[in-house]
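**Student:** Sending over final_7.txt (compact mmCIF, C-alpha atoms).
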# COMPACT_ATOMS: atom_id res chain seq x y z
CA MET A 1 27.81 -17.45 -6.61
CA GLN A 2 25.91 -16.86 -3.43
CA THR A 3 24.23 -19.99 -2.09
CA VAL A 4 21.91 -18.57 0.54
CA GLY A 5 18.83 -20.75 1.08
CA LYS A 6 15.26 -19.72 1.79
CA PRO A 7 13.94 -18.97 5.28
CA GLY A 8 11.99 -21.84 6.76
CA GLY A 9 12.98 -24.13 3.90
CA LEU A 10 10.39 -22.66 1.52
CA ARG A 11 11.07 -23.44 -2.11
CA ASP A 12 10.11 -19.89 -3.11
CA PRO A 13 8.81 -17.45 -0.48
CA LYS A 14 7.96 -15.01 -3.30
CA ARG A 15 5.82 -17.55 -5.15
CA TYR A 16 2.51 -15.71 -4.97
CA LEU A 17 4.07 -12.28 -5.22
CA TRP A 18 4.97 -12.93 -8.87
CA ALA A 19 1.32 -12.47 -9.82
CA LEU A 20 1.70 -8.83 -8.73
CA GLY A 21 3.84 -8.35 -11.82
CA LEU A 22 0.57 -8.35 -13.78
CA ILE A 23 -0.25 -4.98 -12.21
CA ALA A 24 2.18 -3.48 -14.73
CA PRO A 25 0.14 -4.24 -17.88
CA ALA A 26 -3.12 -3.66 -15.99
CA CYS A 27 -2.12 -0.11 -15.07
CA ALA A 28 -3.15 0.97 -18.58
CA LEU A 29 -6.69 -0.18 -17.73
CA LEU A 30 -6.84 1.97 -14.60
CA PRO A 31 -6.62 5.62 -15.71
CA SER A 32 -10.17 6.11 -16.97
CA GLN A 33 -11.73 4.55 -13.85
CA LEU A 34 -9.43 6.39 -11.46
CA VAL A 35 -10.08 9.72 -13.16
CA PHE A 36 -13.85 9.04 -13.23
CA HIS A 37 -14.04 8.21 -9.52
CA THR A 38 -11.53 10.77 -8.19
CA LYS A 39 -11.75 13.57 -10.80
CA ALA A 40 -7.93 13.72 -10.54
CA GLU A 41 -6.61 13.92 -14.11
CA VAL A 42 -3.09 13.11 -12.93
CA PHE A 43 -4.14 9.46 -13.10
CA TRP A 44 -3.82 9.53 -16.88
CA TRP A 45 -0.08 9.55 -16.05
CA ILE A 46 -0.29 6.60 -13.65
CA GLY A 47 2.30 4.53 -15.56
CA PRO A 48 5.18 6.98 -15.08
CA VAL A 49 3.97 7.71 -11.54
CA ILE A 50 4.11 4.02 -10.58
CA VAL A 51 7.45 3.28 -12.27
CA LEU A 52 9.34 6.50 -11.52
CA ILE A 53 7.91 7.42 -8.11
CA ALA A 54 5.93 4.64 -6.38
CA ILE A 55 8.30 1.73 -7.07
CA PRO A 56 11.47 3.64 -6.07
CA VAL A 57 9.79 4.66 -2.81
CA LEU A 58 8.60 1.10 -2.16
CA ASP A 59 12.08 -0.24 -2.99
CA TRP A 60 13.53 2.09 -0.37
CA ILE A 61 10.91 1.11 2.24
CA VAL A 62 10.84 -2.66 1.61
CA GLY A 63 14.56 -3.01 0.90
CA GLU A 64 16.54 -6.01 -0.28
CA ASP A 65 15.15 -9.33 -1.44
CA GLY A 66 17.83 -11.55 0.11
CA ASN A 67 16.35 -14.91 -0.90
CA ASN A 68 18.17 -17.20 -3.30
CA PRO A 69 16.86 -20.51 -4.65
CA ARG A 70 18.56 -23.59 -3.25
CA ASP A 71 20.40 -25.88 -5.62
CA GLU A 72 18.13 -28.78 -4.70
CA ASP A 73 15.04 -26.75 -5.71
CA TYR A 74 16.32 -25.72 -9.14
CA ALA A 75 14.71 -28.52 -11.18
CA ALA A 76 11.33 -28.24 -9.46
CA LEU A 77 11.25 -24.46 -9.82
CA SER A 78 12.20 -24.65 -13.49
CA ALA A 79 9.45 -27.17 -14.23
CA ASP A 80 6.71 -25.40 -12.26
CA ARG A 81 4.31 -24.02 -14.88
CA TYR A 82 2.80 -21.49 -12.46
CA TYR A 83 5.76 -19.20 -13.15
CA ARG A 84 5.27 -19.49 -16.90
CA TRP A 85 1.65 -18.43 -16.60
CA CYS A 86 2.72 -15.28 -14.75
CA THR A 87 4.48 -14.24 -17.96
CA TYR A 88 1.92 -15.72 -20.37
CA LEU A 89 -0.92 -13.72 -18.79
CA PHE A 90 1.03 -10.51 -19.27
CA LEU A 91 0.26 -10.63 -23.00
CA PRO A 92 -3.57 -10.66 -23.06
CA ILE A 93 -3.72 -7.95 -20.39
CA GLN A 94 -1.19 -5.90 -22.37
CA LEU A 95 -3.17 -6.21 -25.62
CA VAL A 96 -6.54 -5.51 -24.00
CA SER A 97 -5.04 -2.43 -22.34
CA LEU A 98 -3.80 -1.20 -25.72
CA GLY A 99 -7.27 -1.66 -27.24
CA VAL A 100 -8.90 0.28 -24.39
CA ALA A 101 -6.31 3.05 -24.79
CA CYS A 102 -7.05 3.28 -28.52
CA PHE A 103 -10.74 3.72 -27.75
CA MET A 104 -9.96 6.56 -25.33
CA TRP A 105 -7.54 8.27 -27.75
CA THR A 106 -10.45 8.66 -30.18
CA SER A 107 -12.58 10.41 -27.55
CA PRO A 108 -13.13 14.12 -28.26
CA GLU A 109 -13.77 14.63 -24.53
CA LEU A 110 -10.15 13.89 -23.64
CA ALA A 111 -7.80 16.87 -23.57
CA LEU A 112 -4.50 16.66 -25.46
CA VAL A 113 -2.46 16.58 -22.24
CA ASP A 114 -4.60 13.70 -20.95
CA LYS A 115 -4.06 11.75 -24.16
CA LEU A 116 -0.33 12.34 -23.76
CA GLY A 117 -0.50 11.02 -20.21
CA LEU A 118 -2.35 7.93 -21.42
CA ALA A 119 0.27 7.44 -24.16
CA ALA A 120 3.03 7.65 -21.55
CA THR A 121 1.24 5.09 -19.38
CA VAL A 122 0.72 2.72 -22.31
CA GLY A 123 4.34 3.30 -23.35
CA PHE A 124 5.62 2.22 -19.95
CA VAL A 125 3.49 -0.92 -20.27
CA SER A 126 5.01 -1.46 -23.72
CA GLY A 127 8.53 -1.15 -22.27
CA ILE A 128 7.83 -3.58 -19.46
CA GLY A 129 6.24 -5.84 -22.06
CA ILE A 130 9.63 -5.98 -23.80
CA ASN A 131 10.97 -7.38 -20.53
CA ALA A 132 8.29 -10.10 -20.59
CA ALA A 133 9.31 -10.77 -24.21
CA HIS A 134 12.92 -10.95 -23.05
CA GLU A 135 12.08 -13.71 -20.56
CA LEU A 136 10.05 -15.67 -23.12
CA GLY A 137 12.57 -15.18 -25.92
CA HIS A 138 15.30 -16.98 -24.01
CA ARG A 139 13.32 -20.20 -23.86
CA VAL A 140 13.81 -23.12 -26.23
CA GLU A 141 10.07 -23.91 -26.54
CA SER A 142 8.70 -22.67 -29.87
CA ALA A 143 5.43 -21.54 -28.26
CA GLU A 144 7.27 -19.24 -25.85
CA LYS A 145 9.40 -17.82 -28.67
CA LEU A 146 6.18 -17.04 -30.55
CA LEU A 147 4.73 -15.32 -27.47
CA SER A 148 7.93 -13.28 -27.21
CA LYS A 149 7.42 -11.90 -30.73
CA ILE A 150 3.77 -11.12 -29.93
CA ALA A 151 4.82 -9.23 -26.79
CA LEU A 152 7.23 -7.15 -28.91
CA ALA A 153 4.53 -6.23 -31.43
CA GLN A 154 3.21 -3.29 -29.39
CA SER A 155 6.61 -1.57 -29.33
CA GLY A 156 7.49 -2.42 -32.94
CA TYR A 157 10.86 -3.61 -31.63
CA GLY A 158 10.71 -7.13 -33.03
CA HIS A 159 14.38 -7.21 -34.06
CA PHE A 160 15.20 -7.23 -30.31
CA PHE A 161 14.29 -10.95 -30.41
CA VAL A 162 17.33 -11.57 -32.64
CA GLU A 163 19.79 -8.96 -31.40
CA HIS A 164 19.39 -9.62 -27.68
CA ASN A 165 19.80 -13.37 -27.83
CA ARG A 166 22.48 -13.68 -30.53
CA GLY A 167 24.13 -10.27 -30.40
CA HIS A 168 24.00 -8.75 -26.94
CA HIS A 169 24.62 -12.00 -25.06
CA ALA A 170 27.65 -12.77 -27.23
CA ARG A 171 29.21 -9.29 -27.03
CA VAL A 172 27.97 -8.00 -23.68
CA ALA A 173 30.39 -5.80 -21.70
CA THR A 174 32.61 -5.16 -24.71
CA PRO A 175 33.05 -2.07 -26.93
CA GLU A 176 31.54 -4.10 -29.81
CA ASP A 177 28.16 -4.33 -28.07
CA PRO A 178 25.86 -1.38 -28.85
CA ALA A 179 23.72 -2.21 -25.79
CA SER A 180 26.62 -1.96 -23.30
CA ALA A 181 27.07 1.63 -22.10
CA ARG A 182 30.57 3.04 -21.81
CA LEU A 183 32.03 4.90 -18.86
CA GLY A 184 31.61 8.63 -19.45
CA GLU A 185 28.84 8.10 -22.02
CA SER A 186 25.59 9.85 -21.12
CA LEU A 187 22.20 8.19 -21.57
CA TRP A 188 21.43 10.67 -24.37
CA GLU A 189 24.60 9.68 -26.23
CA PHE A 190 23.92 5.99 -25.62
CA LEU A 191 20.30 5.88 -26.84
CA PRO A 192 20.89 6.54 -30.57
CA ARG A 193 24.03 4.37 -30.58
CA SER A 194 22.17 1.44 -29.02
CA VAL A 195 18.99 1.77 -31.09
CA ILE A 196 20.78 2.14 -34.43
CA GLY A 197 23.57 -0.32 -33.60
CA GLY A 198 21.13 -2.93 -32.31
CA PHE A 199 19.03 -2.69 -35.46
CA ARG A 200 22.05 -3.06 -37.74
CA SER A 201 23.37 -5.97 -35.73
CA ALA A 202 20.02 -7.79 -35.77
CA VAL A 203 19.75 -7.49 -39.56
CA GLN A 204 23.33 -8.75 -40.05
CA LEU A 205 22.84 -11.67 -37.65
CA GLU A 206 19.55 -12.77 -39.19
CA ARG A 207 20.82 -12.39 -42.75
CA ALA A 208 23.85 -14.55 -41.88
CA ARG A 209 21.63 -17.19 -40.24
CA LEU A 210 19.34 -17.37 -43.24
CA HIS A 211 22.33 -17.59 -45.58
CA ARG A 212 23.71 -20.56 -43.62
CA HIS A 213 20.39 -22.32 -44.18
CA GLY A 214 20.33 -21.49 -47.87
CA ARG A 215 17.50 -18.96 -47.54
CA GLY A 216 17.17 -15.36 -48.66
CA TRP A 217 16.13 -12.31 -46.64
CA TRP A 218 12.50 -12.51 -47.75
CA SER A 219 12.12 -16.05 -46.42
CA ALA A 220 9.11 -16.83 -44.25
CA ASP A 221 11.65 -18.13 -41.73
CA ASN A 222 13.03 -14.61 -41.15
CA ASN A 223 12.53 -13.92 -37.42
CA ILE A 224 12.73 -10.15 -37.88
CA LEU A 225 10.13 -10.07 -40.66
CA GLN A 226 7.87 -12.33 -38.61
CA ALA A 227 8.04 -9.95 -35.65
CA TRP A 228 7.54 -6.84 -37.77
CA ALA A 229 4.58 -8.50 -39.50
CA MET A 230 2.96 -8.96 -36.08
CA THR A 231 3.34 -5.22 -35.43
CA ALA A 232 1.85 -4.44 -38.86
CA VAL A 233 -1.11 -6.74 -38.20
CA LEU A 234 -1.68 -5.34 -34.69
CA PHE A 235 -1.44 -1.69 -35.69
CA GLY A 236 -3.40 -2.33 -38.90
CA ALA A 237 -6.26 -4.03 -37.03
CA LEU A 238 -6.40 -1.24 -34.44
CA THR A 239 -6.45 1.38 -37.22
CA LEU A 240 -9.31 -0.42 -39.00
CA VAL A 241 -11.32 -0.49 -35.77
CA PHE A 242 -10.54 2.96 -34.35
CA GLY A 243 -9.41 4.98 -37.37
CA PRO A 244 -6.10 6.51 -38.45
CA SER A 245 -6.21 9.15 -35.68
CA ILE A 246 -4.69 6.59 -33.30
CA LEU A 247 -1.50 6.15 -35.35
CA PRO A 248 0.41 9.07 -33.76
CA TRP A 249 -0.46 7.73 -30.30
CA LEU A 250 0.66 4.22 -31.25
CA ALA A 251 3.97 5.69 -32.43
CA ILE A 252 4.42 7.72 -29.23
CA GLN A 253 3.74 4.79 -26.91
CA ALA A 254 6.10 2.57 -28.94
CA ALA A 255 8.89 5.18 -28.75
CA ILE A 256 8.43 5.49 -24.99
CA GLY A 257 8.55 1.71 -24.59
CA VAL A 258 11.77 1.46 -26.59
CA ALA A 259 13.32 4.35 -24.64
CA LEU A 260 12.47 2.62 -21.34
CA LEU A 261 14.05 -0.64 -22.50
CA GLU A 262 17.22 1.07 -23.74
CA THR A 263 17.51 3.07 -20.51
CA VAL A 264 17.51 -0.20 -18.59
CA ASN A 265 20.18 -1.48 -21.00
CA TYR A 266 22.23 1.63 -20.18
CA VAL A 267 22.03 0.87 -16.47
CA GLU A 268 22.81 -2.85 -16.69
CA HIS A 269 26.40 -2.77 -17.99
CA TYR A 270 27.59 0.83 -17.61
CA GLY A 271 31.38 0.98 -17.79
CA LEU A 272 31.90 -2.77 -17.38
CA LEU A 273 34.38 -4.64 -19.57
CA ARG A 274 35.12 -8.35 -19.86
CA ALA A 275 38.79 -9.26 -19.52
CA ARG A 276 40.70 -10.61 -22.51
CA LYS A 277 42.46 -13.94 -22.78
CA PRO A 278 46.11 -14.14 -23.95
CA ASN A 279 44.82 -14.99 -27.47
CA GLY A 280 42.88 -11.70 -27.58
CA ARG A 281 39.42 -13.22 -27.18
CA TYR A 282 37.15 -12.00 -24.42
CA GLU A 283 36.70 -14.22 -21.41
CA ARG A 284 33.34 -15.88 -20.83
CA CYS A 285 30.80 -13.51 -19.33
CA SER A 286 30.94 -13.65 -15.53
CA PRO A 287 28.83 -12.10 -12.76
CA ARG A 288 31.37 -9.25 -12.60
CA ASP A 289 30.21 -7.99 -16.00
CA SER A 290 26.67 -6.83 -15.09
CA TRP A 291 25.32 -4.44 -12.49
CA ASN A 292 23.01 -6.12 -10.00
CA SER A 293 20.35 -4.84 -7.67
CA ASP A 294 18.33 -7.10 -5.42
CA ARG A 295 15.53 -4.75 -4.37
CA LEU A 296 12.45 -6.85 -3.74
CA VAL A 297 9.72 -4.67 -5.27
CA THR A 298 11.46 -4.10 -8.60
CA ASN A 299 12.46 -7.78 -8.66
CA ILE A 300 8.78 -8.71 -8.64
CA PHE A 301 7.71 -6.20 -11.29
CA LEU A 302 10.58 -7.04 -13.65
CA PHE A 303 10.69 -10.82 -13.15
CA HIS A 304 14.16 -10.81 -11.53
CA LEU A 305 15.71 -8.77 -14.34
CA GLN A 306 17.82 -7.06 -11.67
CA ARG A 307 19.63 -10.35 -11.01
CA HIS A 308 21.28 -9.59 -14.29
CA SER A 309 24.67 -11.07 -13.52
CA ASP A 310 23.27 -14.58 -13.10
CA HIS A 311 21.13 -14.08 -16.20
CA HIS A 312 24.19 -13.38 -18.35
CA ALA A 313 26.32 -16.05 -16.74
CA ASN A 314 23.45 -18.58 -17.12
CA PRO A 315 21.05 -17.28 -19.82
CA GLY A 316 19.04 -20.51 -19.88
CA ARG A 317 17.80 -20.03 -16.30
CA ARG A 318 14.15 -19.10 -15.92
CA TYR A 319 13.48 -15.96 -13.93
CA GLN A 320 12.32 -17.74 -10.77
CA THR A 321 15.66 -19.60 -10.49
CA LEU A 322 17.98 -16.60 -10.87
CA ARG A 323 20.32 -15.93 -7.96
CA SER A 324 21.87 -12.85 -6.46
CA SER A 325 25.63 -12.94 -6.76
CA GLU A 326 28.17 -11.71 -4.22
CA GLU A 327 30.69 -11.36 -7.04
CA ALA A 328 28.55 -8.93 -9.04
CA PRO A 329 28.97 -5.15 -8.72
CA GLN A 330 25.96 -3.71 -6.91
CA LEU A 331 23.86 -0.70 -7.82
CA PRO A 332 23.00 1.67 -4.97
CA ALA A 333 19.25 1.32 -5.70
CA GLY A 334 16.76 -0.62 -7.80
CA TYR A 335 16.41 -0.24 -11.57
CA ALA A 336 13.36 2.02 -11.19
CA THR A 337 15.45 4.51 -9.20
CA MET A 338 18.50 4.18 -11.43
CA ILE A 339 16.61 5.04 -14.64
CA VAL A 340 15.60 8.32 -13.02
CA LEU A 341 19.26 9.04 -12.19
CA ALA A 342 20.32 8.05 -15.71
CA ALA A 343 18.13 10.79 -17.19
CA VAL A 344 20.30 13.42 -15.41
CA PRO A 345 23.88 12.76 -16.64
CA PRO A 346 25.78 14.82 -14.01
CA LEU A 347 23.88 13.06 -11.22
CA TRP A 348 24.39 9.65 -12.83
CA ARG A 349 28.12 10.27 -13.28
CA ALA A 350 28.50 11.44 -9.67
CA VAL A 351 26.86 8.23 -8.42
CA MET A 352 28.16 5.62 -10.87
CA ASP A 353 31.62 6.66 -12.08
CA PRO A 354 33.20 6.16 -8.62
CA ARG A 355 31.53 2.74 -8.41
CA VAL A 356 33.01 1.68 -11.74
CA ALA A 357 36.42 2.88 -10.56
CA ALA A 358 36.07 0.99 -7.27
CA HIS A 359 35.02 -2.17 -9.13
CA TYR A 360 38.34 -2.09 -11.01
CA GLY A 361 40.45 -0.99 -8.04
CA GLY A 362 40.87 2.49 -9.49
CA ASP A 363 42.37 1.20 -12.75
CA LEU A 364 40.02 2.48 -15.44
CA SER A 365 42.14 0.92 -18.17
CA LEU A 366 40.18 -2.21 -17.20
CA ALA A 367 36.80 -0.49 -17.82
CA ASN A 368 34.76 0.04 -20.97
CA VAL A 369 35.50 3.76 -21.43
CA ALA A 370 33.88 6.05 -24.00
CA PRO A 371 36.42 6.55 -26.82
CA ALA A 372 36.36 10.35 -26.61
CA LYS A 373 36.94 10.50 -22.86
CA PRO A 374 39.61 8.04 -21.69
CA ARG A 375 42.44 10.49 -21.02
CA ARG A 376 40.41 12.78 -18.73
CA LEU A 377 38.76 9.91 -16.85
CA LEU A 378 41.97 7.93 -16.45
CA ALA A 379 43.78 10.99 -15.16
CA ARG A 380 41.04 11.81 -12.66
CA TYR A 381 40.93 8.39 -11.05
CA ARG A 382 44.68 7.84 -11.26
CA ALA A 383 45.11 11.05 -9.24
CA ALA A 384 42.42 9.95 -6.77
CA ALA A 385 44.12 6.57 -6.30
Before we go any further, please render this structure as structure tokens.
**Tutor:**
Amino acid sequence: MQTVGKPGGLRDPKRYLWALGLIAPACALLPSQLVFHTKAEVFWWIGPVIVLIAIPVLDWIVGEDGNNPRDEDYAALSADRYYRWCTYLFLPIQLVSLGVACFMWTSPELALVDKLGLAATVGFVSGIGINAAHELGHRVESAEKLLSKIALAQSGYGHFFVEHNRGHHARVATPEDPASARLGESLWEFLPRSVIGGFRSAVQLERARLHRHGRGWWSADNNILQAWAMTAVLFGALTLVFGPSILPWLAIQAAIGVALLETVNYVEHYGLLRARKPNGRYERCSPRDSWNSDRLVTNIFLFHLQRHSDHHANPGRRYQTLRSSEEAPQLPAGYATMIVLAAVPPLWRAVMDPRVAAHYGGDLSLANVAPAKPRRLLARYRAAA
């Protein structure tokens, strides 16, 4: 792993930038005011505009992060509660934003296209909220695990709490992992496989855990049912307050949030495959098994999610202590840019397939290749080599 220290001996030169990550949930509070003051209805779509346009441009302008925590600062950074509050505060802003959006969806003055724009904005908040839940769900403290389930309530994706921690992290960068994209697999092929496979895996994992403890599926200890109950309570309360007309909009924003999360999943491990030991078992996950990007702006907005290699190699690390690895394969841009490329399969393949091949020295038999496409891909890169 890279061991670069901080300029000037600062423990964390990004310390106060982490609070900017709260702009993400707050962006759902902005549309009505921006439209009112500017008369520009495009601001109903401010969520997609920020994530898909503004952040990629800022990533390109600002460039790389380049700062890694020093070993001697690890304990102090981990214990510093300031960083926890940057994720804790995401939740109330997220929930208040959803309530405001529900109020506006009931307005007869809002055109259908404007309500769709607001749903897209709230959906992007929901997707980024899953990332906040991801950070909280990896912690051992029961309070943070509870907050993780609350953060997942808006997207209705509560089973992610189980599947990500006990499924994805165990099977990452293998054909058995539904959340690890295969070389030659388009985003649109990956999405249903990951959504359906992740759900099935979560149910199997939680059922097996409950069985080991002598409990049935309908136990109050069922993590999936707990998370789904939170969604039912949240959506039920909002429906009681604002009426059933908001239900389609709640469903749309949840679907957008899930799609954003799964698109990031697609980017993070595309084509990567862990090596096998002589006994047939996969080797321990290493930094080589996740795509990294160290663009500063996206790092701040996604709580270092882009330092994904260190996260998988050391899943217990809090976001502020994650390091950029020289061993990890590098994306050509930040996650915000890469999810735009992923939506256009020919463009994605042109950019990423050669990088996967280079990562394995041209030998795609070492990659995680889509089952229907190995012969054509292997032949192409064997000829190129």
**Student:** Using all atoms listed in the file, find the one residue out of A:Cys285, A:Leu52, A:Val267, A:Ala313 that sits nearest to Val351 (chain A).
**Tutor:**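 Closest to Val351 (chain A), using all atoms listed in the file: A:Val267.
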**Student:** Find the residues around region 112-122 of chain A up to 6 Å (all atoms listed in the file counted), leave out those fewer than 3 positions away in its own chain, and share them as a list in words.
**Tutor:**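 Everything that qualifies: Ala28, Trp44, Trp45, Gly47, Val125 and Gln253 of chain A.
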**Student:** Can you pull out every residue within 7 Å of Trp18 (chain A), counting only C-alpha atoms, but drop anything in the same chain fewer than 3 positions away, and send it as a PDB file with C-alpha atoms, keeping the file's coordinate frame?
**Tutor:**
ATOM      1  CA  LYS A  14       7.960 -15.010  -3.300  1.00  0.00           C
ATOM      2  CA  ARG A  15       5.820 -17.550  -5.150  1.00  0.00           C
ATOM      3  CA  GLY A  21       3.840  -8.350 -11.820  1.00  0.00           C
ATOM      4  CA  CYS A  86       2.720 -15.280 -14.750  1.00  0.00           C
ATOM      5  CA  ILE A 300       8.780  -8.710  -8.640  1.00  0.00           C
TER       6      ILE A 300
END
**Student:** Smallest atom-to-atom distance to Pro175 (chain A): which of A:Leu273, A:Leu347, A:Leu29, A:Ile93, using all atoms listed in the file?
**Tutor:**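 Answer, going by the shortest atom-to-atom distance: A:Leu273.
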**Student:** Tell me, in Å to one decimal, how far CA of Phe303 (chain A) is from CA of Glu135 (chain A).
**Tutor:**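 Value for the CA of Phe303 (chain A)-CA of Glu135 (chain A) distance: 8.1 Å.
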**Student:** What is the distance, in Å and to one decimal place, between CA of Cys102 (chain A) and CA of Ala133 (chain A)?
**Tutor:**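 Pair CA of Cys102 (chain A) / CA of Ala133 (chain A) returns 22.0 Å.
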**Student:** For Pro56 (chain A), find every residue with an atom within 6 Å (counting all atoms listed in the file), except residues of its own chain fewer than 3 positions away, and show them as a count of residues only.
**Tutor:** 4
**Student:** For CA of Ala232 (chain A) and CA of Ala153 (chain A), determine how far apart the two atoms are, in Å to one decimal place.
**Tutor:**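 That distance, rounded to one decimal, is 8.1 Å.
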**Student:** Give me, as a list in words, all polymer residues having an atom no more than 8 Å from Thr263 (chain A), counting all atoms listed in the file and skipping those fewer than 2 positions away in the same chain.
**Tutor:**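 Selected residues are Leu187, Leu191, Ala259, Leu260, Leu261, Asn265, Tyr266, Val267, Ile339 and Ala342 of chain A.
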**Student:** Return the single residue from A:Asn67, A:Ser107, A:Ser219, A:Ser194 that is closest to Arg307 (chain A), with distances computed using all atoms listed in the file.
**Tutor:** A:Asn67
**Student:** Given the choices A:Leu322, A:Ala333, A:Ile196, A:Ala173, which gets closest to Leu366 (chain A) if the distance is worked out from all atoms listed in the file?
**Tutor:**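 Among the listed residues, A:Ala173 lies closest to Leu366 (chain A).
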**Student:** Which residues come within 12 Å of Asn368 (chain A), counting only C-alpha atoms, excluding same-chain residues fewer than 5 positions away, as a ChimeraX atom specification?
**Tutor:** /A:172-178,180-185,269-275,289,353,356-357,360,363,373-374,377-378
**Student:** Neighbourhood query: residues within 12 Å of (11.0, -11.8, -4.3), file coordinates, counting only C-alpha atoms; return as a VMD selection string.
**Tutor:** chain A and resid 6 11 to 21 59 62 to 69 294 to 307 319 to 324
**Student:** Which residue, A:Pro108, A:Glu72, A:Leu247, A:His169, has the smallest gap to Ser309 (chain A) when you use only C-alpha atoms?
**Tutor:**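 Smallest distance to Ser309 (chain A) is found for A:His169.
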**Student:** Here is a test: counting all atoms listed in the file, which residue of A:Glu189, A:Pro278, A:Val369, A:Val340 is nearest to Val51 (chain A)?
**Tutor:**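 Once distances to Val51 (chain A) are computed over all atoms listed in the file, the minimum belongs to A:Val340.
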